[in-house]
Structure formats: C-alpha cells, structure tokens
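K.L.:
data.cif is the file, holding mmCIF, C-alpha atoms and all ligand atoms:
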```
data_run
#
loop_
_atom_site.label_atom_id
_atom_site.label_comp_id
_atom_site.auth_asym_id
_atom_site.auth_seq_id
_atom_site.Cartn_x
_atom_site.Cartn_y
_atom_site.Cartn_z
CA MET A 1 -4.65 -69.90 -104.58
CA LYS A 2 -0.84 -69.88 -104.36
CA LYS A 3 1.03 -71.04 -107.48
CA THR A 4 4.55 -70.87 -108.87
CA ILE A 5 4.74 -70.21 -112.61
CA ALA A 6 8.06 -70.78 -114.37
CA MET A 7 8.45 -68.30 -117.23
CA LEU A 8 10.85 -69.10 -120.04
CA PRO A 9 10.64 -66.16 -122.47
CA GLY A 10 13.32 -67.52 -124.85
CA ASP A 11 14.24 -65.39 -127.83
CA GLY A 12 12.91 -62.74 -130.21
CA ILE A 13 9.24 -61.93 -129.73
CA GLY A 14 9.07 -64.66 -127.07
CA ARG A 15 10.40 -62.09 -124.61
CA GLU A 16 7.90 -59.42 -125.67
CA VAL A 17 4.81 -61.60 -125.52
CA MET A 18 5.89 -63.16 -122.20
CA ASN A 19 6.03 -59.71 -120.59
CA GLY A 20 2.44 -59.23 -121.72
CA ALA A 21 1.26 -62.57 -120.33
CA ARG A 22 2.87 -61.79 -116.99
CA GLU A 23 1.05 -58.44 -116.79
CA VAL A 24 -2.28 -60.08 -117.59
CA LEU A 25 -1.72 -62.83 -115.01
CA SER A 26 -0.83 -60.20 -112.40
CA VAL A 27 -4.18 -58.49 -112.98
CA ILE A 28 -5.97 -61.84 -112.61
CA ALA A 29 -4.07 -62.60 -109.40
CA GLU A 30 -5.05 -59.24 -107.92
CA GLN A 31 -8.69 -59.46 -108.99
CA TYR A 32 -9.30 -62.99 -107.78
CA GLY A 33 -7.05 -62.96 -104.72
CA HIS A 34 -4.43 -65.42 -105.97
CA GLU A 35 -0.72 -65.37 -105.29
CA PHE A 36 1.28 -66.11 -108.45
CA ASN A 37 4.99 -66.42 -107.84
CA PHE A 38 6.78 -65.87 -111.19
CA THR A 39 10.21 -67.45 -111.63
CA SER A 40 12.26 -66.92 -114.77
CA GLY A 41 14.63 -69.21 -116.69
CA LEU A 42 16.80 -69.22 -119.78
CA ILE A 43 16.14 -71.34 -122.85
CA GLY A 44 17.16 -71.25 -126.52
CA GLY A 45 19.54 -68.67 -127.94
CA SER A 46 19.56 -66.51 -124.83
CA ALA A 47 20.63 -69.56 -122.81
CA ILE A 48 23.40 -70.30 -125.33
CA ASP A 49 24.63 -66.72 -124.96
CA GLU A 50 24.63 -66.75 -121.17
CA ARG A 51 25.31 -70.40 -120.28
CA GLY A 52 26.69 -71.97 -123.47
CA VAL A 53 23.83 -74.49 -123.81
CA PRO A 54 20.21 -74.15 -125.03
CA LEU A 55 18.70 -75.81 -121.94
CA PRO A 56 20.72 -75.25 -118.74
CA ASP A 57 20.11 -77.67 -115.85
CA GLU A 58 18.99 -74.78 -113.67
CA THR A 59 16.12 -74.07 -116.09
CA LEU A 60 14.90 -77.65 -115.83
CA GLU A 61 15.18 -77.46 -112.05
CA LEU A 62 13.18 -74.23 -112.04
CA CYS A 63 10.44 -75.89 -114.11
CA ARG A 64 10.32 -78.96 -111.87
CA ASN A 65 9.87 -76.69 -108.87
CA ALA A 66 6.95 -74.88 -110.49
CA ASP A 67 3.25 -75.66 -110.76
CA ALA A 68 3.20 -74.82 -114.47
CA VAL A 69 5.56 -73.53 -117.17
CA LEU A 70 5.00 -70.76 -119.70
CA LEU A 71 7.30 -70.64 -122.73
CA GLY A 72 7.67 -67.84 -125.31
CA ALA A 73 9.65 -69.00 -128.35
CA VAL A 74 13.23 -69.88 -129.25
CA GLY A 75 15.57 -69.38 -132.19
CA GLY A 76 16.81 -66.70 -134.51
CA PRO A 77 19.43 -65.92 -137.16
CA LYS A 78 22.09 -65.18 -134.54
CA TRP A 79 22.29 -68.90 -133.72
CA GLU A 80 21.82 -70.34 -137.23
CA ASN A 81 25.43 -71.53 -137.38
CA GLN A 82 25.49 -73.32 -134.05
CA ALA A 83 26.39 -77.01 -134.14
CA PRO A 84 23.14 -79.04 -134.56
CA ALA A 85 23.28 -80.32 -130.97
CA ASN A 86 23.56 -76.78 -129.64
CA ARG A 87 20.89 -74.95 -131.63
CA PRO A 88 18.19 -73.01 -129.72
CA GLU A 89 15.51 -75.39 -131.04
CA ARG A 90 17.34 -78.28 -129.36
CA GLY A 91 16.56 -76.60 -126.04
CA LEU A 92 12.87 -76.71 -126.84
CA LEU A 93 12.97 -80.35 -127.95
CA ALA A 94 14.95 -81.24 -124.83
CA ILE A 95 12.57 -79.57 -122.39
CA ARG A 96 9.63 -81.36 -124.03
CA LYS A 97 11.41 -84.70 -123.64
CA GLU A 98 12.73 -84.04 -120.12
CA LEU A 99 9.32 -82.96 -118.80
CA GLY A 100 7.50 -85.76 -120.65
CA LEU A 101 5.30 -83.30 -122.57
CA TYR A 102 3.95 -85.86 -124.99
CA ALA A 103 0.69 -84.18 -126.04
CA ASN A 104 0.62 -80.77 -127.66
CA VAL A 105 -2.94 -79.48 -127.79
CA ARG A 106 -3.52 -76.71 -130.33
CA PRO A 107 -7.09 -75.36 -130.46
CA VAL A 108 -8.12 -73.62 -133.68
CA LYS A 109 -11.20 -71.42 -133.41
CA ALA A 110 -12.11 -68.70 -135.89
CA PHE A 111 -13.13 -65.44 -134.16
CA GLU A 112 -16.07 -64.02 -136.10
CA CYS A 113 -14.73 -60.47 -135.89
CA LEU A 114 -11.48 -61.57 -137.55
CA GLU A 115 -13.11 -63.30 -140.52
CA GLU A 116 -12.20 -60.36 -142.74
CA ARG A 117 -8.52 -60.87 -141.88
CA SER A 118 -8.46 -64.45 -143.10
CA PRO A 119 -7.96 -65.06 -146.82
CA PHE A 120 -10.87 -67.54 -146.73
CA LYS A 121 -14.52 -67.01 -147.62
CA LYS A 122 -16.93 -66.53 -144.71
CA SER A 123 -18.70 -69.75 -145.68
CA VAL A 124 -15.46 -71.74 -145.24
CA LEU A 125 -14.84 -70.27 -141.79
CA GLN A 126 -18.34 -70.87 -140.45
CA GLY A 127 -18.25 -73.37 -137.54
CA VAL A 128 -14.48 -73.79 -137.50
CA ASP A 129 -13.67 -75.15 -134.05
CA PHE A 130 -11.19 -78.01 -133.86
CA VAL A 131 -8.17 -79.13 -131.89
CA ILE A 132 -4.92 -80.52 -133.21
CA VAL A 133 -3.43 -83.06 -130.83
CA ARG A 134 0.18 -83.32 -131.90
CA GLU A 135 2.51 -86.03 -130.59
CA LEU A 136 5.40 -84.04 -129.09
CA THR A 137 8.18 -86.26 -127.76
CA GLY A 138 8.68 -88.81 -130.53
CA GLY A 139 8.49 -89.19 -134.29
CA LEU A 140 10.76 -87.53 -136.82
CA TYR A 141 12.07 -84.85 -134.43
CA PHE A 142 13.54 -87.39 -132.02
CA GLY A 143 14.33 -90.61 -133.91
CA LYS A 144 17.87 -92.00 -134.00
CA PRO A 145 19.95 -92.23 -136.09
CA SER A 146 19.96 -88.58 -137.08
CA GLY A 147 22.96 -86.85 -138.55
CA ARG A 148 25.29 -86.48 -141.51
CA SER A 149 28.21 -88.49 -142.77
CA GLY A 150 30.57 -88.64 -145.73
CA SER A 151 31.57 -85.71 -147.91
CA GLY A 152 31.10 -84.17 -151.32
CA GLU A 153 28.43 -85.74 -153.52
CA LYS A 154 28.60 -88.87 -151.38
CA GLU A 155 27.65 -87.00 -148.22
CA SER A 156 24.42 -88.29 -146.73
CA ALA A 157 21.99 -87.08 -144.09
CA VAL A 158 19.49 -89.08 -142.11
CA ASP A 159 16.51 -88.44 -139.83
CA THR A 160 14.46 -91.28 -138.40
CA LEU A 161 10.74 -91.56 -137.80
CA VAL A 162 10.31 -94.08 -135.04
CA TYR A 163 7.52 -94.73 -132.54
CA THR A 164 6.81 -97.37 -129.98
CA LYS A 165 3.26 -98.68 -129.85
CA GLU A 166 3.03 -97.30 -126.30
CA GLU A 167 3.85 -93.76 -127.47
CA VAL A 168 1.25 -93.97 -130.20
CA ARG A 169 -1.40 -95.41 -127.92
CA ARG A 170 -1.09 -92.68 -125.27
CA ILE A 171 -1.40 -89.79 -127.75
CA ILE A 172 -4.36 -91.43 -129.49
CA LYS A 173 -6.00 -92.01 -126.12
CA ALA A 174 -5.47 -88.31 -125.31
CA ALA A 175 -7.26 -87.43 -128.55
CA PHE A 176 -10.19 -89.75 -127.82
CA GLU A 177 -10.50 -88.34 -124.31
CA MET A 178 -10.62 -84.84 -125.76
CA ALA A 179 -13.16 -85.82 -128.42
CA SER A 180 -15.37 -87.44 -125.77
CA GLY A 181 -15.89 -83.99 -124.24
CA ARG A 182 -16.42 -82.33 -127.62
CA ARG A 183 -18.20 -83.32 -130.85
CA LYS A 184 -17.03 -86.95 -130.60
CA LYS A 185 -15.00 -87.24 -133.76
CA VAL A 186 -11.30 -88.11 -134.10
CA THR A 187 -9.46 -87.70 -137.40
CA SER A 188 -6.22 -89.63 -137.24
CA VAL A 189 -3.81 -88.17 -139.79
CA ASP A 190 -0.98 -90.33 -141.15
CA LYS A 191 0.81 -91.41 -144.32
CA ALA A 192 -0.15 -95.08 -144.10
CA ASN A 193 0.04 -95.55 -147.87
CA VAL A 194 3.82 -95.13 -147.59
CA LEU A 195 5.13 -95.23 -144.02
CA GLU A 196 5.40 -98.32 -141.81
CA SER A 197 5.16 -96.15 -138.70
CA SER A 198 1.86 -94.78 -140.01
CA ARG A 199 0.47 -98.28 -140.55
CA MET A 200 1.21 -99.10 -136.90
CA TRP A 201 -0.33 -95.73 -135.94
CA ARG A 202 -3.52 -96.57 -137.86
CA GLU A 203 -3.84 -100.04 -136.32
CA THR A 204 -3.33 -98.58 -132.84
CA ALA A 205 -5.99 -95.95 -133.46
CA GLU A 206 -8.43 -98.75 -134.35
CA GLU A 207 -7.54 -100.59 -131.12
CA VAL A 208 -8.07 -97.47 -128.98
CA LYS A 209 -11.35 -96.75 -130.77
CA LYS A 210 -12.83 -99.94 -129.28
CA GLU A 211 -12.61 -98.29 -125.82
CA TYR A 212 -14.62 -95.29 -127.05
CA PRO A 213 -17.65 -96.66 -128.91
CA GLU A 214 -19.39 -93.27 -128.83
CA VAL A 215 -16.51 -91.53 -130.65
CA GLU A 216 -16.25 -91.69 -134.44
CA LEU A 217 -12.81 -92.43 -135.90
CA GLU A 218 -11.71 -91.57 -139.41
CA HIS A 219 -8.28 -91.97 -140.96
CA MET A 220 -6.91 -89.39 -143.37
CA LEU A 221 -3.66 -89.24 -145.29
CA VAL A 222 -1.67 -86.15 -144.38
CA ASP A 223 -1.59 -84.69 -147.90
CA ASN A 224 -5.37 -84.92 -148.11
CA ALA A 225 -5.66 -83.47 -144.58
CA ALA A 226 -3.60 -80.44 -145.63
CA MET A 227 -6.11 -79.85 -148.42
CA GLN A 228 -9.27 -80.55 -146.37
CA LEU A 229 -8.06 -78.18 -143.65
CA ILE A 230 -8.55 -75.25 -145.95
CA GLN A 231 -11.34 -76.61 -148.14
CA ASN A 232 -13.71 -77.72 -145.41
CA PRO A 233 -12.14 -77.02 -141.98
CA ALA A 234 -15.47 -77.15 -140.10
CA ARG A 235 -15.57 -80.94 -140.70
CA PHE A 236 -12.84 -81.48 -138.10
CA ASP A 237 -13.27 -81.91 -134.35
CA VAL A 238 -10.07 -83.51 -133.00
CA ILE A 239 -7.10 -84.19 -135.26
CA VAL A 240 -4.38 -86.46 -133.88
CA THR A 241 -1.08 -86.82 -135.64
CA GLU A 242 2.68 -87.33 -135.63
CA ASN A 243 5.06 -84.63 -134.39
CA LEU A 244 6.20 -83.16 -137.75
CA PHE A 245 2.79 -83.51 -139.43
CA GLY A 246 1.16 -81.71 -136.48
CA ASP A 247 3.76 -78.95 -136.55
CA ILE A 248 3.09 -78.23 -140.21
CA LEU A 249 -0.70 -78.62 -140.14
CA SER A 250 -1.09 -76.29 -137.17
CA ASP A 251 0.76 -73.39 -138.83
CA GLU A 252 -1.46 -73.97 -141.86
CA ALA A 253 -4.57 -74.00 -139.66
CA SER A 254 -3.59 -70.70 -138.03
CA VAL A 255 -4.44 -68.93 -141.29
CA LEU A 256 -8.10 -69.77 -140.61
CA THR A 257 -7.94 -67.56 -137.50
CA GLY A 258 -6.36 -64.62 -139.31
CA SER A 259 -2.85 -64.93 -137.90
CA LEU A 260 -0.28 -67.32 -136.49
CA GLY A 261 -0.18 -64.83 -133.60
CA MET A 262 -3.61 -66.09 -132.48
CA LEU A 263 -2.89 -69.79 -131.80
CA PRO A 264 -2.19 -70.91 -128.21
CA SER A 265 -1.22 -74.38 -127.08
CA SER A 266 -0.73 -76.60 -124.06
CA SER A 267 1.95 -79.28 -123.87
CA LEU A 268 0.75 -81.92 -121.48
CA SER A 269 2.57 -84.56 -119.44
CA LEU A 270 1.23 -87.53 -117.51
CA ASN A 271 2.60 -86.24 -114.19
CA GLY A 272 0.61 -83.01 -113.93
CA LEU A 273 3.41 -80.54 -114.73
CA HIS A 274 2.34 -78.95 -118.03
CA LEU A 275 3.87 -76.29 -120.28
CA TYR A 276 1.97 -73.64 -122.24
CA GLU A 277 3.36 -72.02 -125.38
CA PRO A 278 2.12 -70.10 -128.40
CA VAL A 279 2.27 -72.03 -131.67
CA HIS A 280 4.40 -69.36 -133.35
CA GLY A 281 8.17 -68.98 -133.26
CA SER A 282 10.48 -66.11 -132.34
CA ALA A 283 9.57 -64.08 -135.48
CA PRO A 284 13.00 -62.49 -136.08
CA ASP A 285 11.48 -60.29 -138.81
CA ILE A 286 9.56 -58.26 -136.21
CA ALA A 287 11.49 -59.02 -133.01
CA GLY A 288 12.41 -56.09 -130.79
CA GLU A 289 9.96 -53.76 -132.54
CA ASN A 290 7.01 -53.99 -130.14
CA LYS A 291 4.92 -55.28 -133.07
CA ALA A 292 4.16 -58.88 -132.09
CA ASN A 293 0.62 -60.03 -131.47
CA PRO A 294 0.67 -61.17 -127.80
CA LEU A 295 -2.73 -62.92 -127.93
CA ALA A 296 -1.43 -66.45 -128.62
CA MET A 297 0.71 -66.13 -125.48
CA VAL A 298 -2.13 -64.59 -123.45
CA LEU A 299 -4.51 -67.35 -124.58
CA SER A 300 -1.85 -69.94 -123.66
CA ALA A 301 -1.78 -68.42 -120.16
CA ALA A 302 -5.58 -68.80 -120.07
CA MET A 303 -5.17 -72.48 -120.97
CA MET A 304 -2.76 -72.76 -118.03
CA LEU A 305 -5.27 -71.20 -115.63
CA ARG A 306 -7.92 -73.71 -116.72
CA THR A 307 -5.91 -76.90 -117.22
CA SER A 308 -3.19 -76.66 -114.57
CA PHE A 309 -4.96 -74.66 -111.87
CA GLY A 310 -8.64 -75.48 -112.51
CA LEU A 311 -9.40 -71.74 -112.57
CA GLU A 312 -12.25 -71.83 -115.09
CA GLU A 313 -13.67 -68.41 -114.24
CA GLU A 314 -10.28 -66.71 -114.45
CA ALA A 315 -9.46 -68.46 -117.75
CA SER A 316 -12.82 -67.40 -119.19
CA ALA A 317 -12.23 -63.83 -118.00
CA VAL A 318 -8.97 -63.69 -119.97
CA GLU A 319 -10.60 -65.23 -123.06
CA SER A 320 -13.55 -62.81 -122.82
CA ALA A 321 -11.14 -59.88 -122.55
CA VAL A 322 -9.42 -61.05 -125.75
CA GLN A 323 -12.79 -61.40 -127.48
CA HIS A 324 -13.92 -57.98 -126.24
CA VAL A 325 -10.76 -56.20 -127.40
CA LEU A 326 -10.94 -57.83 -130.84
CA ASN A 327 -14.66 -57.04 -131.15
CA ALA A 328 -13.76 -53.41 -130.38
CA GLY A 329 -11.50 -53.46 -133.46
CA LYS A 330 -8.18 -53.40 -131.61
CA ARG A 331 -5.51 -54.99 -133.82
CA THR A 332 -1.77 -55.57 -133.88
CA GLY A 333 -0.14 -55.31 -137.34
CA ASP A 334 -0.67 -58.96 -138.28
CA LEU A 335 -4.45 -58.51 -137.94
CA ALA A 336 -5.03 -54.91 -139.01
CA ALA A 337 -6.52 -53.99 -142.38
CA ALA A 338 -4.81 -51.20 -144.37
CA ASP A 339 -7.15 -48.54 -142.99
CA GLU A 340 -7.13 -49.76 -139.37
CA GLN A 341 -5.10 -48.36 -136.50
CA VAL A 342 -2.20 -50.64 -135.57
CA LEU A 343 -1.54 -51.30 -131.89
CA THR A 344 1.86 -52.15 -130.48
CA THR A 345 2.33 -55.30 -128.37
CA GLU A 346 2.27 -53.19 -125.23
CA GLU A 347 -0.84 -51.29 -126.30
CA MET A 348 -2.65 -54.56 -126.99
CA ILE A 349 -1.77 -55.81 -123.51
CA ALA A 350 -2.95 -52.51 -122.00
CA GLU A 351 -6.30 -53.02 -123.80
CA ILE A 352 -6.63 -56.55 -122.39
CA LYS A 353 -5.85 -55.31 -118.88
CA GLU A 354 -8.34 -52.47 -119.22
CA SER A 355 -11.03 -54.87 -120.39
CA LEU A 356 -10.36 -57.19 -117.43
CA GLU A 357 -10.55 -54.25 -115.05
CA GLU A 358 -13.82 -53.00 -116.59
CA ASP A 359 -15.31 -56.49 -116.39
CA ASN A 360 -14.27 -56.74 -112.78
CA ALA A 361 -15.84 -53.38 -111.94
CA ILE A 362 -19.11 -54.55 -113.53
CA ILE A 363 -19.03 -57.80 -111.51
CA HIS A 364 -18.51 -55.77 -108.29
CA ILE A 365 -21.44 -53.47 -109.12
CA MET A 366 -23.66 -56.50 -109.87
CA GLU A 367 -22.59 -58.14 -106.60
CA ALA A 368 -23.36 -54.93 -104.68
CA TYR A 369 -26.93 -54.89 -106.09
CA ALA A 370 -27.56 -58.64 -105.86
N1 LIG A 401 7.98 -72.86 -130.41
C1 LIG A 401 9.07 -72.24 -130.85
O1 LIG A 401 9.87 -71.76 -130.08
C2 LIG A 401 9.26 -72.12 -132.31
C3 LIG A 401 10.43 -71.59 -132.76
N2 LIG A 401 10.61 -71.38 -134.09
C4 LIG A 401 11.87 -70.70 -134.46
O2 LIG A 401 11.56 -69.33 -134.67
C5 LIG A 401 12.46 -68.79 -135.65
C6 LIG A 401 11.67 -68.10 -136.75
O3 LIG A 401 10.92 -69.07 -137.46
P1 LIG A 401 9.84 -68.72 -138.58
O4 LIG A 401 9.84 -69.80 -139.54
O5 LIG A 401 10.05 -67.32 -139.06
O6 LIG A 401 8.44 -68.82 -137.82
P2 LIG A 401 7.70 -67.77 -136.87
O7 LIG A 401 6.52 -68.47 -136.33
O8 LIG A 401 8.64 -67.18 -135.90
O9 LIG A 401 7.20 -66.60 -137.87
C7 LIG A 401 6.50 -66.87 -139.07
C8 LIG A 401 5.82 -65.58 -139.56
O10 LIG A 401 4.72 -65.28 -138.69
C9 LIG A 401 4.87 -64.03 -138.08
N3 LIG A 401 4.48 -64.13 -136.68
C10 LIG A 401 4.72 -65.17 -135.86
N4 LIG A 401 4.24 -64.93 -134.64
C11 LIG A 401 3.68 -63.70 -134.68
C12 LIG A 401 3.03 -62.90 -133.71
N5 LIG A 401 2.85 -63.29 -132.45
N6 LIG A 401 2.60 -61.67 -134.10
C13 LIG A 401 2.75 -61.25 -135.36
N7 LIG A 401 3.35 -61.97 -136.32
C14 LIG A 401 3.83 -63.19 -135.98
C15 LIG A 401 6.35 -63.68 -138.20
O11 LIG A 401 6.57 -62.29 -138.18
C16 LIG A 401 6.72 -64.35 -139.51
O12 LIG A 401 6.43 -63.51 -140.58
C17 LIG A 401 13.29 -69.97 -136.14
O13 LIG A 401 14.51 -69.93 -135.46
C18 LIG A 401 12.48 -71.19 -135.73
O14 LIG A 401 13.26 -72.34 -135.53
C19 LIG A 401 9.65 -71.65 -134.99
C20 LIG A 401 8.46 -72.18 -134.60
C21 LIG A 401 8.20 -72.52 -133.23
C1 LIG A 402 11.03 -75.06 -133.28
C2 LIG A 402 10.61 -76.48 -133.46
C3 LIG A 402 11.45 -77.38 -132.59
C4 LIG A 402 9.20 -76.83 -133.22
C5 LIG A 402 8.09 -76.02 -133.78
O1 LIG A 402 8.09 -75.41 -134.83
C6 LIG A 402 6.88 -76.05 -132.99
O2 LIG A 402 6.85 -76.69 -131.94
O3 LIG A 402 5.87 -75.45 -133.43
MG MG A 403 5.99 -75.00 -135.47
#
```
Translate this file's structure into structure tokens.
Ligand SMILES: NC(=O)C1=CN([C@@H]2O[C@H](COP(=O)(O)OP(=O)(O)OC[C@H]3O[C@@H](n4cnc5c(N)ncnc54)[C@H](O)[C@@H]3O)[C@@H](O)[C@H]2O)C=CC1
Ligand SMILES: CC(C)CC(=O)C(=O)O
Ligand SMILES: [Mg+2]

P.N.:
Amino acid sequence: MKKTIAMLPGDGIGREVMNGAREVLSVIAEQYGHEFNFTSGLIGGSAIDERGVPLPDETLELCRNADAVLLGAVGGPKWENQAPANRPERGLLAIRKELGLYANVRPVKAFECLEERSPFKKSVLQGVDFVIVRELTGGLYFGKPSGRSGSGEKESAVDTLVYTKEEVRRIIKAAFEMASGRRKKVTSVDKANVLESSRMWRETAEEVKKEYPEVELEHMLVDNAAMQLIQNPARFDVIVTENLFGDILSDEASVLTGSLGMLPSSSLSLNGLHLYEPVHGSAPDIAGENKANPLAMVLSAAMMLRTSFGLEEEASAVESAVQHVLNAGKRTGDLAAADEQVLTTEEMIAEIKESLEEDNAIIHIMEAYA
C-alpha cells in the first residue's frame, strides 16, 4: 500500500515523540511491504518562529495532499506572550477547524501491567475500557464573541459557548455509532442544570437515541462525571461531550492508565482525511531531554493505520509491541517506579522496534513450517 503521511511535530516533546512514531512506521512499512511517504510541516511555536504564524498555508496544503496527518504537540513558555490570535495553540485550533476534524476520539484502557503506576486501587481499574468522544470544532474554544475590552477594574473578558443543533447531532451520532460496535452505552456529559447549550445538547441526544434503540443513553452532569470517572470508571463505555469538558475529562482519565503519556487520539472529519495526535501537550518541563514517553504518539500512529488505512494487522502489531514492551517492565520516567530502570524516549522506541522485529521473525518461522 502506498500512502502519504503528513507529519507535524510541533513543539517541545512533540518533536521527540514524532521521531519515534516515524521510526516505528518505517519498520511496519518494511515488514508489510508498504510505501509510506513522510512529508513534514510546521505548526505552533516552531511555525511562528520560522513563518510568523502558527499555521502557515503551506502546512494546510501539505495536509490536504496527504492520506492522513500525524501531529505531535504545540506550545511552550517561549510563546506565552504572543498576541492571542498568534499563539501556538491557535494553530492547533485552526487546523482542526480547517480540516473539519469535528470528532476527537480518545480511548482510555488500563494496561494491567501498569496498574501499580496508577494512584488507584486495582479494584477501581478492573475493566476500565472506555472512549471519550470530544466535540472538537465548536463549543467554548471557538465561540464568538471572544476577547477583552475596557481597562482597569472595568476591563472585561468574554468567551462564548455556542453550538448549532447540526454540530451537536453529528458528534452525538458519532458516539452512538462507536457505542454500537462496543458495549452499547453512551454517557452524554453536559451541564444542563445551568447551560442553555447543554439543554439543547441533551434534547438532541434524546433525538439521536431514537435511531439506535439497541444503545443505552444516560445523561450525566459534568461535575458528577468528573467524580464518577475516578470512583467507578469501569461503568463507562462511550462518553460524548463538549470541547472544553472533553479536554479536561480526558486528562483526568489518563491517570487511570498511569500517565498522560499513554493516551492516543484520532481527530476525525467527514471527508476521510483524519488527524492523529497524542492527548498530551508539549511538556516544556521535560522537553529536549529525551525523557518523554512516546507511547501515546506511537499508539496514535496505530490508530491511523487502522482507521485511515484499514491496516488492522499492522495496527495490532504496533499495539502488541507496546503491550509486550510494557509487560517486559520497560518504562520511561513517567511510568517507572523508584527502583525501576528508566528508559529514554529513544530507548523506548528501540524496544518497540525490536519487539516488532522479533514478532515478525516468529511469523516468518511459523509461515515456513505451516
Ligand atoms: N495537543 C496539544 O498540542 C496540546 C498542547 N498543550 C500545550 O502544551 C504546553 C504545556 O502544557 P501543560 O499544561 O504542561 O500540559 P502537558 O500535557 O504538556 O504536560 C502536563 C504534564 O504531563 C507530563 N507529560 C505530558 N506528556 C508526557 C509524555 N509523553 N511523557 C511524559 N510526561 C508527559 C508533562 O511533563 C507535564 O508534567 C502548553 O503550551 C499547552 O498549551 C497542552 C495540551 C495539548
Ligand atoms: C492546546 C489546546 C488547544 C487543546 C488541548 O489541550 C487538547 O486538545 O488536548
Ligand atoms: Mg488537552
């Protein structure tokens, strides 16, 4: 299979973990006889430095000419004082909007071998396997008006949470579709006791539910959801929610897996061009130190292989390699216990590649004797 993959490393650890994903994908291409053409574009702070804007037109063009997009992370203290319209994060919001990436799918699965690394009891982590479907191109991150006016104590600032019914319906439909292929339960998270937009969200969820009689729908207020996520996380199957709520709840949920460095995601459009990105940010506190956990990025690349290219076997091979390496006790600093050896980002990637190569050798031996 011949595919073009646009890589947007971004800033901070985004660059380090992207290098790792590229190496892993190169091994997959070689083993399975695919041709992956990697193109590279600027986004975020590095784009501001080189082109003066967080999302240059040429980056968008590069993405539109690709079969899928991989993104690292954007942002960092260097660009904290940029004008709001020219912050690195604006580049990320803009690419989501421009490519129509309305559904951000964030799977949360607790690896048994990492249970010790989570602050939760084993009993709480048992059976944790849910997906957060976060609306990604509307809500509080995009509503207008947004800005500041006035001065002194009279200065005011405004952000707007606005949705059209159409935007709400398509994300809720995406959640029901996902739940249909899973445990058939959607938890729609809102703040309908206070927000008008949430009341419309809730009504729309009820309307969509009628098309999916086999799927259970429950509504949960976001403050309760934040609590239930850590009290009884195994109760969830598919959570669907507004942009900001989903952003916050998914970082919270990452703690169940042991580290924010473990959570991958796919950002899906309706036109078939999807983007894959780890849930974490650019982690300025460890950037440039070869310390970042690259697994969220590697698992995002696996999601790309499955969702964009239909390469189930290849995606599973990457996921099995991650599982194998973790089972063997290999850990970057975010996952290692005090007495465990700490691997660098590059060493972790080398372990994943080695595991893929070993697996491949075993498959060849089995084929030879079949
Ligand atoms: N998708 C994106 O590009 C995102 C960008 N950001 C940006 O990133 C910058 C830093 O934001 P923070 O609030 O610090 O969030 P962050 O997600 O970058 O880091 C939070 C904490 O988790 C740790 N961490 C994150 N990913 C890790 C990994 N792969 N391996 C090991 N440890 C990891 C960091 O070291 C830090 O202690 C900000 O400029 C923010 O706007 C934040 C979230 C998402
Ligand atoms: C950096 C923000 C724009 C978004 C964020 O935190 C995220 O998408 O997880
Ligand atoms: Mg976030």

K.L.:
Using all atoms listed in the file, find each residue of chain A with at least one atom at most 7 Å away from an atom of ligand LIG 401 (chain A); report its shortest atom-to-atom pair and that distance in Å (one decimal), sort the rows by chain and rising residue number, and return the result as JSON lines.

P.N.:
```
{"residue": "A:Gly72", "atom": "CA", "partner": "A:LIG401", "partner_atom": "O1", "distance": 6.6}
{"residue": "A:Ala73", "atom": "CA", "partner": "A:LIG401", "partner_atom": "O1", "distance": 3.3}
{"residue": "A:Val74", "atom": "CA", "partner": "A:LIG401", "partner_atom": "O1", "distance": 3.9}
{"residue": "A:Gly75", "atom": "CA", "partner": "A:LIG401", "partner_atom": "O13", "distance": 3.5}
{"residue": "A:Gly76", "atom": "CA", "partner": "A:LIG401", "partner_atom": "O13", "distance": 4.1}
{"residue": "A:Pro77", "atom": "CA", "partner": "A:LIG401", "partner_atom": "O13", "distance": 6.6}
{"residue": "A:Glu89", "atom": "CA", "partner": "A:LIG401", "partner_atom": "O14", "distance": 5.9}
{"residue": "A:Leu92", "atom": "CA", "partner": "A:LIG401", "partner_atom": "O1", "distance": 6.6}
{"residue": "A:Leu260", "atom": "CA", "partner": "A:LIG401", "partner_atom": "N4", "distance": 5.4}
{"residue": "A:Gly261", "atom": "CA", "partner": "A:LIG401", "partner_atom": "N5", "distance": 3.6}
{"residue": "A:Glu277", "atom": "CA", "partner": "A:LIG401", "partner_atom": "N1", "distance": 6.9}
{"residue": "A:Pro278", "atom": "CA", "partner": "A:LIG401", "partner_atom": "N1", "distance": 6.8}
{"residue": "A:Val279", "atom": "CA", "partner": "A:LIG401", "partner_atom": "N1", "distance": 5.9}
{"residue": "A:His280", "atom": "CA", "partner": "A:LIG401", "partner_atom": "O7", "distance": 3.8}
{"residue": "A:Gly281", "atom": "CA", "partner": "A:LIG401", "partner_atom": "O8", "distance": 3.2}
{"residue": "A:Ser282", "atom": "CA", "partner": "A:LIG401", "partner_atom": "O2", "distance": 4.1}
{"residue": "A:Ala283", "atom": "CA", "partner": "A:LIG401", "partner_atom": "O8", "distance": 3.3}
{"residue": "A:Pro284", "atom": "CA", "partner": "A:LIG401", "partner_atom": "C6", "distance": 5.8}
{"residue": "A:Asp285", "atom": "CA", "partner": "A:LIG401", "partner_atom": "O11", "distance": 5.3}
{"residue": "A:Ile286", "atom": "CA", "partner": "A:LIG401", "partner_atom": "O11", "distance": 5.4}
{"residue": "A:Lys291", "atom": "CA", "partner": "A:LIG401", "partner_atom": "C13", "distance": 6.8}
{"residue": "A:Ala292", "atom": "CA", "partner": "A:LIG401", "partner_atom": "N6", "distance": 3.8}
{"residue": "A:Asn293", "atom": "CA", "partner": "A:LIG401", "partner_atom": "N6", "distance": 3.7}
{"residue": "A:Pro294", "atom": "CA", "partner": "A:LIG401", "partner_atom": "N5", "distance": 5.6}
{"residue": "A:Ala296", "atom": "CA", "partner": "A:LIG401", "partner_atom": "N5", "distance": 6.6}
{"residue": "A:Gly333", "atom": "CA", "partner": "A:LIG401", "partner_atom": "C13", "distance": 6.9}
{"residue": "A:Asp334", "atom": "CA", "partner": "A:LIG401", "partner_atom": "C13", "distance": 5.0}
```

K.L.:
Restricting the calculation to all atoms listed in the file: of A:Ser156, A:Asn19, A:Thr4, A:Ser254, which residue gets closest to ligand MG 403 (chain A)?

P.N.:
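When distances to ligand MG 403 (chain A) are compared using all atoms listed in the file, the smallest one comes from A:Ser254.
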
K.L.:
From the set A:Leu270, A:Asn327, A:Ser265, A:Tyr369, which residue has the shortest atom-to-atom contact distance to ligand MG 403 (chain A), counting all atoms listed in the file?

P.N.:
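For ligand MG 403 (chain A), the nearest of the given residues is A:Ser265.
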
K.L.:
I'd like the interatomic distance between atom CA of A:Lys191 and atom CA of A:Ile95, to a tenth of an Å.

P.N.:
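We find that atom CA of A:Lys191 and atom CA of A:Ile95 lie 27.6 Å from each other.
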
K.L.:
Can you tell me which residues come within 9 Å of ligand MG 403 (chain A) when counting all atoms listed in the file, ideally as a PyMOL selection string?

P.N.:
chain A and resi 244+246-251+279-281

K.L.:
What separation in Å, quoted to one decimal, exists between atom CA of A:Tyr276 and atom C4 of ligand LIG 402 (chain A)?

P.N.:
13.5 Å

K.L.:
In Å, rounded to a single decimal, give me how far atom CA of A:Gly310 is from atom CA of A:Met1.

P.N.:
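Spanning atom CA of A:Met1 to atom CA of A:Gly310 is a straight-line distance of 10.5 Å.
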